[in-house]
Every structure is written in structure tokens, then in C-alpha cells.
Amino acid sequence: MRRTSFAQWPCSIARTMDLLGDWWTPLVLREAFYGIRRFDAFQESLGIARNTLTDRLRRLVEEGLLEKRPYQTEPVRYDYVLTEMGRDFYGVLLVMNRWGDRWLAGEAGPPVTMLHDVCGRETHAEVVCAACGEPMTADNTRARMGPGYPPHVAERPDVRERFAG
């Protein structure tokens, strides 16, 4: 069964989920942030099927989040290195980690904590306004149509209602 593509939807969340596609992709990226670079190390760390890992790494390379760099010539083998686009995904993982720590960690507490090298303190991600620094929540933030919103979709009454206010 083919899955629906969200790549052209006028929504960055839908486009991001189209790229991520499944639960393995963020975990592969997490491992890359932990310093994993080689296929066998990803496979061992995640316990993921080799064919599934091959597909995920190929997609991440095609989409520009990882770059393949040869480290051996016979046979050719590659390191998978985060690109600038891939490194920029770190904030997404931090926010997911924070949510999981808050709602899913259980009595034992968070399985992984974050240490900020700049200040030397244990911390967690917070989503704040880039303009004023105040926290952004569902109660104090609203979505508006941006310049990339398709005009033919913007005219629909249900869409106008969604962005009213």
C-alpha cells in the first residue's frame, strides 16, 4: 500500500513528516548526533533491519540531512555525516526529548539528560519567541498564512476560517 505524500502540502509540519516518514528516521538522526557515522554502528545501536537502515540512510542523504563520505576504497564504505540541514534538526530532537521526559519518563526519571557545554548546567529545551524571548504556547501563539501559502487554497472558506483572528 502506498502512503500519501505530504511533500507539497502548504504546511511545514506535514512536509517534515513526509521527509521523516516513520519512527526509524528520527532515531537514525539521534544516533548521528550521538556520534554514530558508520552503517554497522547504526545497525548495532538501533537493532534495525539492514534493508530498513539502507532505505533510511539513502533517503536522508537524498534529502540533504546526511552526506556520504568514503572512508575505505576496497570495498567502498562510507561514513554518514550530518550536513548543516541535518545539524539544524537537533532542536526538533531536543523538543521531542523534553516532551517525552515530561509525559513518558515514568518514576525513574528521564533516561537521558542534556548538559549545555556553554554554561555547564543540566538543562532541557524550551520553545521561545525569537523576537521577545518569551515562551510560546498553544494559548499565546497562533498560526497565520505565510508568503508561501498557495493562493488557490487560501480562498477556501474552511482555510480562511482556520486562519481568522
# chains A, B, ... in the order shown; residues from 1 in each chain; ligands from 1
>>> closest_atom_pairs(of="region 8-71 of chain A", to="region 129-153 of chain A", cutoff="12 Å", atoms="only C-alpha atoms", output="tab-separated table")
residue	atom	partner	partner_atom	distance
A:Gln8	CA	A:Pro150	CA	10.2
A:Trp9	CA	A:Pro150	CA	9.2
A:Pro10	CA	A:Tyr149	CA	5.7
A:Cys11	CA	A:Tyr149	CA	8.2
A:Ser12	CA	A:Gly148	CA	10.3
>>> residues_around(residues="Leu93 (chain A)", least_positions_apart="2", cutoff="12 Å", atoms="only C-alpha atoms", output="ChimeraX atom specification")
/A:25-34,86-91,95-100,114,124-126
>>> select_by_dssp(residues="region 49-78 of chain A", states="strand (DSSP E)", output="count of residues only")
11
>>> select_by_dssp(residues="chain A", states="helix (DSSP H, G or I)", output="number ranges by chain")
A: 12-20, 24-33, 39-46, 50-62, 84-87, 90-104, 151-154, 157-162
